[in-house]
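Coordinates from run-v9.pdb are shown below (PDB, C-alpha atoms, pLDDT in the B column).
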ATOM      1  CA  MET A   1       0.000   0.000   0.000  1.00 94.00           C
ATOM      2  CA  ARG A   2       1.338   3.427  -0.964  1.00 96.00           C
ATOM      3  CA  ILE A   3       0.820   6.363   1.411  1.00 97.00           C
ATOM      4  CA  ARG A   4       1.340  10.061   0.706  1.00 97.00           C
ATOM      5  CA  ILE A   5       2.271  12.250   3.664  1.00 98.00           C
ATOM      6  CA  LYS A   6       2.088  16.035   3.625  1.00 98.00           C
ATOM      7  CA  PHE A   7       3.915  18.143   6.182  1.00 98.00           C
ATOM      8  CA  ARG A   8       4.739  21.730   7.120  1.00 97.00           C
ATOM      9  CA  LYS A   9       8.245  23.003   7.819  1.00 97.00           C
ATOM     10  CA  TYR A  10       8.654  26.238   9.756  1.00 97.00           C
ATOM     11  CA  GLY A  11      10.672  28.081  12.384  1.00 96.00           C
ATOM     12  CA  ALA A  12      14.245  26.984  13.067  1.00 95.00           C
ATOM     13  CA  MET A  13      13.689  23.757  11.095  1.00 96.00           C
ATOM     14  CA  LYS A  14      14.016  25.765   7.882  1.00 96.00           C
ATOM     15  CA  PHE A  15      17.779  25.562   8.410  1.00 96.00           C
ATOM     16  CA  ILE A  16      17.757  21.739   8.296  1.00 95.00           C
ATOM     17  CA  GLY A  17      18.796  20.440   4.875  1.00 95.00           C
ATOM     18  CA  HIS A  18      16.976  17.891   2.733  1.00 94.00           C
ATOM     19  CA  LEU A  19      19.188  14.885   3.547  1.00 95.00           C
ATOM     20  CA  ASP A  20      18.777  15.469   7.273  1.00 96.00           C
ATOM     21  CA  ILE A  21      15.006  15.820   6.838  1.00 96.00           C
ATOM     22  CA  MET A  22      14.978  12.447   5.069  1.00 95.00           C
ATOM     23  CA  ARG A  23      16.839  10.809   7.953  1.00 95.00           C
ATOM     24  CA  TYR A  24      14.617  12.627  10.446  1.00 96.00           C
ATOM     25  CA  PHE A  25      11.451  11.142   8.952  1.00 97.00           C
ATOM     26  CA  GLN A  26      12.939   7.657   8.653  1.00 95.00           C
ATOM     27  CA  LYS A  27      13.519   7.671  12.409  1.00 96.00           C
ATOM     28  CA  SER A  28      10.223   9.410  13.223  1.00 97.00           C
ATOM     29  CA  ILE A  29       8.201   6.871  11.237  1.00 97.00           C
ATOM     30  CA  ARG A  30       9.799   4.042  13.213  1.00 95.00           C
ATOM     31  CA  ARG A  31       9.152   5.824  16.519  1.00 96.00           C
ATOM     32  CA  ALA A  32       5.516   6.370  15.554  1.00 97.00           C
ATOM     33  CA  GLY A  33       5.048   2.661  14.893  1.00 96.00           C
ATOM     34  CA  ILE A  34       4.089   3.080  11.233  1.00 97.00           C
ATOM     35  CA  ASP A  35       4.346  -0.342   9.531  1.00 96.00           C
ATOM     36  CA  ILE A  36       6.637   0.839   6.750  1.00 97.00           C
ATOM     37  CA  ALA A  37       7.970  -1.678   4.228  1.00 96.00           C
ATOM     38  CA  TYR A  38      11.680  -2.199   3.588  1.00 95.00           C
ATOM     39  CA  SER A  39      13.676  -3.001   0.493  1.00 92.00           C
ATOM     40  CA  GLU A  40      15.189  -6.448   0.059  1.00 89.00           C
ATOM     41  CA  GLY A  41      18.866  -7.307  -0.070  1.00 83.00           C
ATOM     42  CA  PHE A  42      21.881  -7.061   2.228  1.00 87.00           C
ATOM     43  CA  HIS A  43      21.154  -3.467   3.281  1.00 87.00           C
ATOM     44  CA  PRO A  44      17.366  -3.054   3.662  1.00 90.00           C
ATOM     45  CA  HIS A  45      16.139   0.534   3.793  1.00 91.00           C
ATOM     46  CA  PRO A  46      12.662   1.997   4.355  1.00 94.00           C
ATOM     47  CA  LEU A  47      10.699   2.567   1.146  1.00 95.00           C
ATOM     48  CA  ILE A  48      10.317   6.339   1.241  1.00 95.00           C
ATOM     49  CA  SER A  49      10.657   8.935  -1.526  1.00 93.00           C
ATOM     50  CA  PHE A  50      10.341  12.717  -1.335  1.00 94.00           C
ATOM     51  CA  ALA A  51       8.714  14.946  -3.950  1.00 93.00           C
ATOM     52  CA  ALA A  52      10.707  18.163  -4.475  1.00 90.00           C
ATOM     53  CA  PRO A  53      13.673  18.878  -2.166  1.00 90.00           C
ATOM     54  CA  LEU A  54      13.324  22.146  -0.256  1.00 93.00           C
ATOM     55  CA  GLY A  55      16.306  24.483  -0.079  1.00 91.00           C
ATOM     56  CA  VAL A  56      17.873  25.479   3.230  1.00 94.00           C
ATOM     57  CA  GLY A  57      16.280  28.571   4.765  1.00 95.00           C
ATOM     58  CA  ILE A  58      12.898  28.074   3.051  1.00 96.00           C
ATOM     59  CA  THR A  59       9.726  27.434   5.033  1.00 97.00           C
ATOM     60  CA  SER A  60       6.780  25.537   3.596  1.00 98.00           C
ATOM     61  CA  ASP A  61       3.132  24.599   4.086  1.00 98.00           C
ATOM     62  CA  GLY A  62       3.178  21.905   1.392  1.00 97.00           C
ATOM     63  CA  GLU A  63       5.945  19.278   1.498  1.00 97.00           C
ATOM     64  CA  TYR A  64       5.312  15.683   0.419  1.00 97.00           C
ATOM     65  CA  PHE A  65       6.795  12.215   0.512  1.00 96.00           C
ATOM     66  CA  ASP A  66       5.480   8.748  -0.286  1.00 96.00           C
ATOM     67  CA  ILE A  67       6.006   5.583   1.716  1.00 97.00           C
ATOM     68  CA  VAL A  68       5.129   1.944   1.157  1.00 96.00           C
ATOM     69  CA  VAL A  69       3.509   0.213   4.140  1.00 97.00           C
ATOM     70  CA  ASN A  70       2.624  -3.392   4.887  1.00 96.00           C
ATOM     71  CA  SER A  71      -0.492  -2.268   6.748  1.00 96.00           C
ATOM     72  CA  SER A  72      -1.964   0.990   8.007  1.00 96.00           C
ATOM     73  CA  ASP A  73      -4.233   2.367  10.692  1.00 96.00           C
ATOM     74  CA  THR A  74      -6.693   5.166   9.896  1.00 97.00           C
ATOM     75  CA  SER A  75      -5.458   8.490   8.580  1.00 97.00           C
ATOM     76  CA  LYS A  76      -6.635  10.212  11.787  1.00 97.00           C
ATOM     77  CA  HIS A  77      -4.714   7.857  14.076  1.00 97.00           C
ATOM     78  CA  SER A  78      -1.611   7.895  11.873  1.00 97.00           C
ATOM     79  CA  LEU A  79      -1.538  11.702  11.957  1.00 97.00           C
ATOM     80  CA  GLU A  80      -1.812  11.660  15.744  1.00 97.00           C
ATOM     81  CA  VAL A  81       1.036   9.198  16.341  1.00 97.00           C
ATOM     82  CA  LEU A  82       3.292  10.926  13.820  1.00 98.00           C
ATOM     83  CA  ASN A  83       2.777  14.381  15.304  1.00 98.00           C
ATOM     84  CA  GLU A  84       3.461  13.001  18.783  1.00 97.00           C
ATOM     85  CA  VAL A  85       7.063  12.356  17.719  1.00 97.00           C
ATOM     86  CA  MET A  86       7.548  15.493  15.616  1.00 97.00           C
ATOM     87  CA  ALA A  87      10.006  18.183  16.703  1.00 95.00           C
ATOM     88  CA  GLU A  88       9.001  21.853  16.904  1.00 96.00           C
ATOM     89  CA  GLY A  89       9.029  23.178  13.362  1.00 97.00           C
ATOM     90  CA  VAL A  90       7.567  20.123  11.612  1.00 98.00           C
ATOM     91  CA  GLU A  91       3.878  19.210  11.487  1.00 98.00           C
ATOM     92  CA  VAL A  92       2.284  16.354   9.531  1.00 98.00           C
ATOM     93  CA  VAL A  93      -1.022  17.586   8.091  1.00 97.00           C
ATOM     94  CA  SER A  94      -2.162  14.824   5.730  1.00 97.00           C
ATOM     95  CA  TYR A  95      -1.917  11.019   5.486  1.00 98.00           C
ATOM     96  CA  LYS A  96      -3.623   9.457   2.460  1.00 97.00           C
ATOM     97  CA  ARG A  97      -3.695   6.127   0.662  1.00 97.00           C
ATOM     98  CA  LEU A  98      -2.709   6.539  -2.978  1.00 95.00           C
ATOM     99  CA  LEU A  99      -4.658   4.985  -5.800  1.00 90.00           C
ATOM    100  CA  ASP A 100      -2.984   2.761  -8.384  1.00 86.00           C
ATOM    101  CA  SER A 101      -3.454   5.541 -10.943  1.00 83.00           C
ATOM    102  CA  ASP A 102      -1.660   8.162  -8.804  1.00 87.00           C
ATOM    103  CA  ALA A 103       1.910   8.870  -9.902  1.00 84.00           C
ATOM    104  CA  LYS A 104       4.786   8.737  -7.425  1.00 86.00           C
ATOM    105  CA  ALA A 105       5.550  12.020  -5.678  1.00 85.00           C
ATOM    106  CA  MET A 106       9.098  12.175  -7.035  1.00 84.00           C
ATOM    107  CA  THR A 107       8.052  11.812 -10.687  1.00 87.00           C
ATOM    108  CA  ALA A 108       4.714  13.647 -10.468  1.00 88.00           C
ATOM    109  CA  VAL A 109       6.090  17.091  -9.580  1.00 93.00           C
ATOM    110  CA  ALA A 110       5.403  19.704 -12.268  1.00 94.00           C
ATOM    111  CA  ALA A 111       5.034  23.046 -10.462  1.00 96.00           C
ATOM    112  CA  ALA A 112       5.188  24.784  -7.088  1.00 97.00           C
ATOM    113  CA  ASP A 113       3.654  27.885  -5.485  1.00 97.00           C
ATOM    114  CA  TYR A 114       5.828  30.355  -3.591  1.00 98.00           C
ATOM    115  CA  LYS A 115       5.361  33.469  -1.510  1.00 98.00           C
ATOM    116  CA  LEU A 116       8.403  35.720  -1.250  1.00 97.00           C
ATOM    117  CA  TRP A 117       8.942  39.004   0.540  1.00 97.00           C
ATOM    118  CA  ILE A 118      11.743  41.416   1.388  1.00 95.00           C
ATOM    119  CA  ARG A 119      12.952  41.099   4.969  1.00 93.00           C
ATOM    120  CA  GLU A 120      12.178  44.011   7.273  1.00 90.00           C
ATOM    121  CA  ASN A 121      15.837  45.025   7.732  1.00 90.00           C
ATOM    122  CA  TYR A 122      16.164  45.596   3.956  1.00 92.00           C
ATOM    123  CA  GLU A 123      14.748  48.531   2.046  1.00 91.00           C
ATOM    124  CA  ALA A 124      12.066  47.753  -0.535  1.00 90.00           C
ATOM    125  CA  PRO A 125      12.195  49.779  -3.785  1.00 89.00           C
ATOM    126  CA  GLN A 126       9.375  52.335  -3.896  1.00 90.00           C
ATOM    127  CA  ILE A 127       7.882  51.898  -7.365  1.00 92.00           C
ATOM    128  CA  ASP A 128       4.567  51.130  -9.067  1.00 95.00           C
ATOM    129  CA  TYR A 129       4.887  47.351  -8.902  1.00 95.00           C
ATOM    130  CA  GLU A 130       1.704  46.580 -10.844  1.00 95.00           C
ATOM    131  CA  ALA A 131       2.823  48.737 -13.775  1.00 96.00           C
ATOM    132  CA  ALA A 132       6.321  47.269 -13.637  1.00 96.00           C
ATOM    133  CA  LEU A 133       4.945  43.721 -13.570  1.00 96.00           C
ATOM    134  CA  PHE A 134       2.841  44.428 -16.660  1.00 97.00           C
ATOM    135  CA  GLN A 135       5.802  45.753 -18.609  1.00 96.00           C
ATOM    136  CA  PHE A 136       8.202  43.049 -17.420  1.00 96.00           C
ATOM    137  CA  PHE A 137       6.042  39.923 -17.431  1.00 96.00           C
ATOM    138  CA  ARG A 138       2.587  40.292 -18.938  1.00 95.00           C
ATOM    139  CA  LYS A 139       3.340  42.408 -22.005  1.00 95.00           C
ATOM    140  CA  PRO A 140       6.352  40.620 -23.600  1.00 94.00           C
ATOM    141  CA  GLU A 141       5.792  37.421 -25.586  1.00 94.00           C
ATOM    142  CA  GLU A 142       9.009  35.951 -24.207  1.00 94.00           C
ATOM    143  CA  ILE A 143      11.539  36.712 -21.475  1.00 94.00           C
ATOM    144  CA  LEU A 144      14.859  35.081 -22.310  1.00 91.00           C
ATOM    145  CA  ILE A 145      17.422  34.560 -19.572  1.00 88.00           C
ATOM    146  CA  THR A 146      20.636  32.568 -19.285  1.00 84.00           C
ATOM    147  CA  LYS A 147      20.616  29.985 -16.519  1.00 78.00           C
ATOM    148  CA  LYS A 148      24.127  29.061 -15.430  1.00 76.00           C
ATOM    149  CA  THR A 149      24.963  25.673 -13.945  1.00 72.00           C
ATOM    150  CA  LYS A 150      28.264  24.163 -12.841  1.00 72.00           C
ATOM    151  CA  LYS A 151      28.787  22.548 -16.243  1.00 76.00           C
ATOM    152  CA  SER A 152      26.985  24.718 -18.783  1.00 78.00           C
ATOM    153  CA  GLU A 153      24.722  27.631 -19.599  1.00 82.00           C
ATOM    154  CA  LYS A 154      21.147  27.311 -20.809  1.00 83.00           C
ATOM    155  CA  VAL A 155      18.878  29.922 -22.372  1.00 87.00           C
ATOM    156  CA  MET A 156      15.363  29.761 -20.903  1.00 88.00           C
ATOM    157  CA  ASP A 157      12.101  31.561 -21.591  1.00 93.00           C
ATOM    158  CA  LEU A 158      10.544  32.649 -18.299  1.00 93.00           C
ATOM    159  CA  LYS A 159       7.145  33.074 -19.954  1.00 93.00           C
ATOM    160  CA  LYS A 160       6.939  29.306 -20.463  1.00 93.00           C
ATOM    161  CA  LEU A 161       8.169  28.406 -16.988  1.00 95.00           C
ATOM    162  CA  VAL A 162       6.282  30.929 -14.835  1.00 96.00           C
ATOM    163  CA  PHE A 163       2.595  29.999 -14.668  1.00 96.00           C
ATOM    164  CA  HIS A 164       1.562  32.797 -12.322  1.00 96.00           C
ATOM    165  CA  PHE A 165       3.215  36.001 -11.128  1.00 97.00           C
ATOM    166  CA  GLN A 166       1.421  38.440  -8.844  1.00 97.00           C
ATOM    167  CA  ILE A 167       2.564  41.246  -6.556  1.00 97.00           C
ATOM    168  CA  GLU A 168       0.512  42.445  -3.587  1.00 96.00           C
ATOM    169  CA  MET A 169       1.355  45.360  -1.303  1.00 94.00           C
ATOM    170  CA  GLU A 170       1.245  44.656   2.428  1.00 92.00           C
ATOM    171  CA  GLN A 171       1.968  47.566   4.762  1.00 89.00           C
ATOM    172  CA  GLY A 172       3.603  49.408   1.894  1.00 90.00           C
ATOM    173  CA  ARG A 173       5.975  46.558   1.021  1.00 94.00           C
ATOM    174  CA  PRO A 174       5.740  44.164  -1.950  1.00 96.00           C
ATOM    175  CA  VAL A 175       4.898  40.480  -1.521  1.00 97.00           C
ATOM    176  CA  PHE A 176       5.573  38.278  -4.548  1.00 98.00           C
ATOM    177  CA  TYR A 177       3.430  35.246  -5.433  1.00 98.00           C
ATOM    178  CA  LEU A 178       4.859  32.869  -8.009  1.00 98.00           C
ATOM    179  CA  LYS A 179       3.873  29.523  -9.502  1.00 97.00           C
ATOM    180  CA  VAL A 180       6.844  28.139 -11.407  1.00 97.00           C
ATOM    181  CA  SER A 181       7.846  25.001 -13.248  1.00 95.00           C
ATOM    182  CA  THR A 182       9.379  22.472 -10.858  1.00 93.00           C
ATOM    183  CA  GLY A 183      10.786  19.020 -11.472  1.00 83.00           C
ATOM    184  CA  SER A 184      13.635  17.126 -13.062  1.00 76.00           C
ATOM    185  CA  THR A 185      13.380  18.690 -16.527  1.00 76.00           C
ATOM    186  CA  ASP A 186      12.405  22.365 -16.296  1.00 83.00           C
ATOM    187  CA  ASN A 187      13.159  23.392 -12.730  1.00 87.00           C
ATOM    188  CA  LEU A 188      12.992  27.135 -12.051  1.00 91.00           C
ATOM    189  CA  LYS A 189      13.863  28.747  -8.739  1.00 93.00           C
ATOM    190  CA  PRO A 190      11.609  31.694  -7.829  1.00 95.00           C
ATOM    191  CA  GLU A 191      14.669  33.653  -6.683  1.00 94.00           C
ATOM    192  CA  LEU A 192      15.917  33.616 -10.279  1.00 93.00           C
ATOM    193  CA  VAL A 193      12.648  35.190 -11.420  1.00 95.00           C
ATOM    194  CA  LEU A 194      12.931  37.929  -8.792  1.00 95.00           C
ATOM    195  CA  SER A 195      16.589  38.620  -9.536  1.00 94.00           C
ATOM    196  CA  THR A 196      15.703  38.994 -13.230  1.00 94.00           C
ATOM    197  CA  PHE A 197      12.816  41.307 -12.328  1.00 95.00           C
ATOM    198  CA  PHE A 198      14.980  43.496 -10.073  1.00 94.00           C
ATOM    199  CA  GLU A 199      17.738  43.617 -12.692  1.00 93.00           C
ATOM    200  CA  TRP A 200      15.149  44.772 -15.253  1.00 94.00           C
ATOM    201  CA  LEU A 201      14.099  47.479 -12.775  1.00 93.00           C
ATOM    202  CA  GLY A 202      17.700  48.617 -12.439  1.00 93.00           C
ATOM    203  CA  GLN A 203      17.653  47.728  -8.738  1.00 91.00           C
ATOM    204  CA  ASP A 204      20.216  45.768  -6.746  1.00 88.00           C
ATOM    205  CA  PHE A 205      19.098  42.276  -5.764  1.00 89.00           C
ATOM    206  CA  HIS A 206      20.410  40.808  -2.521  1.00 90.00           C
ATOM    207  CA  PRO A 207      19.560  37.065  -2.221  1.00 88.00           C
ATOM    208  CA  LEU A 208      19.744  37.232   1.581  1.00 90.00           C
ATOM    209  CA  SER A 209      17.138  40.017   1.600  1.00 93.00           C
ATOM    210  CA  ILE A 210      14.419  37.623   0.396  1.00 95.00           C
ATOM    211  CA  GLN A 211      12.437  35.246   2.585  1.00 95.00           C
ATOM    212  CA  ASN A 212      10.994  32.362   0.589  1.00 97.00           C
ATOM    213  CA  HIS A 213       7.964  30.292   1.599  1.00 98.00           C
ATOM    214  CA  ARG A 214       6.654  27.376  -0.447  1.00 98.00           C
ATOM    215  CA  ILE A 215       2.869  27.172  -0.417  1.00 98.00           C
ATOM    216  CA  ASP A 216       2.245  23.914  -2.274  1.00 97.00           C
ATOM    217  CA  VAL A 217       3.572  21.451  -4.853  1.00 97.00           C
ATOM    218  CA  TYR A 218       1.632  20.313  -7.914  1.00 96.00           C
ATOM    219  CA  GLY A 219       1.595  17.380 -10.285  1.00 92.00           C
ATOM    220  CA  LYS A 220      -0.169  16.888 -13.592  1.00 86.00           C
ATOM    221  CA  LYS A 221      -3.355  14.867 -13.791  1.00 81.00           C
ATOM    222  CA  ASP A 222      -5.455  14.698 -16.967  1.00 80.00           C
ATOM    223  CA  GLY A 223      -3.394  17.579 -18.366  1.00 81.00           C
ATOM    224  CA  ALA A 224      -4.098  19.943 -15.436  1.00 88.00           C
ATOM    225  CA  LEU A 225      -2.003  20.995 -12.450  1.00 92.00           C
ATOM    226  CA  VAL A 226      -3.299  19.356  -9.271  1.00 94.00           C
ATOM    227  CA  SER A 227      -1.949  19.668  -5.734  1.00 96.00           C
ATOM    228  CA  LEU A 228      -0.130  16.514  -4.653  1.00 95.00           C
ATOM    229  CA  GLY A 229      -2.248  16.695  -1.511  1.00 94.00           C
ATOM    230  CA  GLU A 230      -5.462  16.246  -3.492  1.00 93.00           C
ATOM    231  CA  MET A 231      -4.342  12.856  -4.763  1.00 93.00           C
ATOM    232  CA  GLY A 232      -5.230   9.733  -2.818  1.00 92.00           C
ATOM    233  CA  GLU A 233      -7.968   9.066  -0.277  1.00 96.00           C
ATOM    234  CA  ILE A 234      -8.388   9.288   3.473  1.00 96.00           C
ATOM    235  CA  ILE A 235      -8.247   5.954   5.316  1.00 96.00           C
ATOM    236  CA  GLU A 236     -11.288   5.651   7.571  1.00 94.00           C
TER
END

Encoding of this model in structure tokens:
Amino acid sequence: MRIRIKFRKYGAMKFIGHLDIMRYFQKSIRRAGIDIAYSEGFHPHPLISFAAPLGVGITSDGEYFDIVVNSSDTSKHSLEVLNEVMAEGVEVVSYKRLLDSDAKAMTAVAAADYKLWIRENYEAPQIDYEAALFQFFRKPEEILITKKTKKSEKVMDLKKLVFHFQIEMEQGRPVFYLKVSTGSTDNLKPELVLSTFFEWLGQDFHPLSIQNHRIDVYGKKDGALVSLGEMGEIIE
């Protein structure tokens, strides 16, 4: 039986990297008494796979991983026993049985929602953000950028990889909402979109000035983007 677990990551836990989070959940699942299945061979390991790794320093309301179990209690009871062993900064919010037609979390990822804002100890540029967003993002047919990796450079069109871009003013400061392509093929970091936007504005961009929060992760189902949390069914 395949199970999809959704969790939140907040507070000081945002500084814990992906590999440590993986090990954390492997131990927590054992402590909670979840009947997780193990691989065969000389070095058995729990059958667990995460969707989209979260960068260090980023908080989130929508992180996912799948496990294979031999048997399972109800979703309600499983949530209770898991949260009893969670540390401050991690909360399990969903426990669902996946259907045979549901893709694995790791391969299903197609997009992710983010909320980004400028930290209070940094000055926010005072401009007409709605007008700037129209000229930068909505008006052009393409926005070509060069994405640099350790081995090569790749020209990308932001218009094809950014599904939603909105700016809202909160207490006179901009808050950026982005839905971007995420996954193994076309993976776009929201910070790259903001740095390109600020460069277009002629403003300095300081990566440490931005706080990033992931809202949710999406997969494709019947050609549409669907939250990974909407897949599967509650175990009664």

> Using all atoms listed in the file, which residues sit within 7 Å of segment 172-186 of chain A once same-chain residues fewer than 6 positions away are excluded, as a list in words?
Replying inline: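 That gives Val109, Ala110, Ala111, Ala112, Asp113, Tyr114, Lys115, Leu116, Trp117, Ala124, Leu161, Val162, Phe163, His164, Phe165 and Gln166 of chain A.
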
> Which is closest to Phe65 of chain A among A:Phe15, A:Arg4, A:Leu47, A:His213, if we use only C-alpha atoms?
Replying inline: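 Smallest distance to Phe65 of chain A is found for A:Arg4.
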
> Nearest to Ser28 of chain A among A:Ala108, A:Ala87, A:Met231, A:Ile3, with distances taken over only C-alpha atoms: which residue is it?
Replying inline: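 Between A:Ala108, A:Ala87, A:Met231, A:Ile3, the residue approaching Ser28 of chain A most closely is A:Ala87.
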
> Residues at most 12 Å from Phe136 of chain A, counting all atoms listed in the file, excluding those fewer than 2 positions away in the same chain, as a list in words?
Replying inline: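 In the requested form, the answer reads Tyr129, Glu130, Ala131, Ala132, Leu133, Phe134, Arg138, Lys139, Pro140, Glu141, Glu142, Ile143, Leu144, Leu158, Lys159, Phe165, Gln166, Val193, Leu194, Thr196, Phe197, Phe198, Glu199, Trp200 and Leu201 of chain A.
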
>> Given all atoms listed in the file as the basis, pick out the residue of A:Gln211, A:Thr59, A:Ser227, A:Thr74 nearest to Lys14 of chain A.
In response: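 Result for the nearest residue to Lys14 of chain A: A:Thr59.
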
> Which distance in Å separates atom CA of Lys27 of chain A and atom CA of Tyr218 of chain A, to one decimal?
Replying inline: 26.7 Å

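Picture a line from atom CA of Ile5 of chain A to atom CA of Glu233 of chain A; it runs 11.4 Å.
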
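Separating atom CA of Gly62 of chain A from atom CA of Gly219 of chain A is a distance of 12.6 Å.
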
>> I'd like the contact shell of Met86 of chain A - 10 Å cut-off, only C-alpha atoms, skipping same-chain residues fewer than 3 positions apart - returned as a ChimeraX atom specification.
In response: /A:24-25,28-29,31-32,81-83,89-92

>> Taking only C-alpha atoms into account, name the residue in A:Ile58, A:Ile235, A:Ile34, A:Leu192 that is nearest to Thr146 of chain A.
In response: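 Nearest to Thr146 of chain A: A:Leu192.
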
>> Please determine, counting only C-alpha atoms, which residue among A:His77, A:Gly202, A:Ile127, A:Met22 has the shortest atom-to-atom distance to Ala51 of chain A.
In response: A:Met22

Padded axis-aligned box of segment 53-62 of chain A (3 Å per side), centre and edge lengths, Å, one decimal, as lines of an AutoDock Vina configuration file:
center_x = 10.5
center_y = 23.7
center_z = 1.4
size_x = 20.7
size_y = 15.7
size_z = 13.2

> Taking into account all atoms listed in the file, which residue in the set A:Ile210, A:Val155, A:Met106, A:Leu98 is nearest to Glu230 of chain A?
Replying inline: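 Of the candidates, the smallest distance to Glu230 of chain A is held by A:Leu98.
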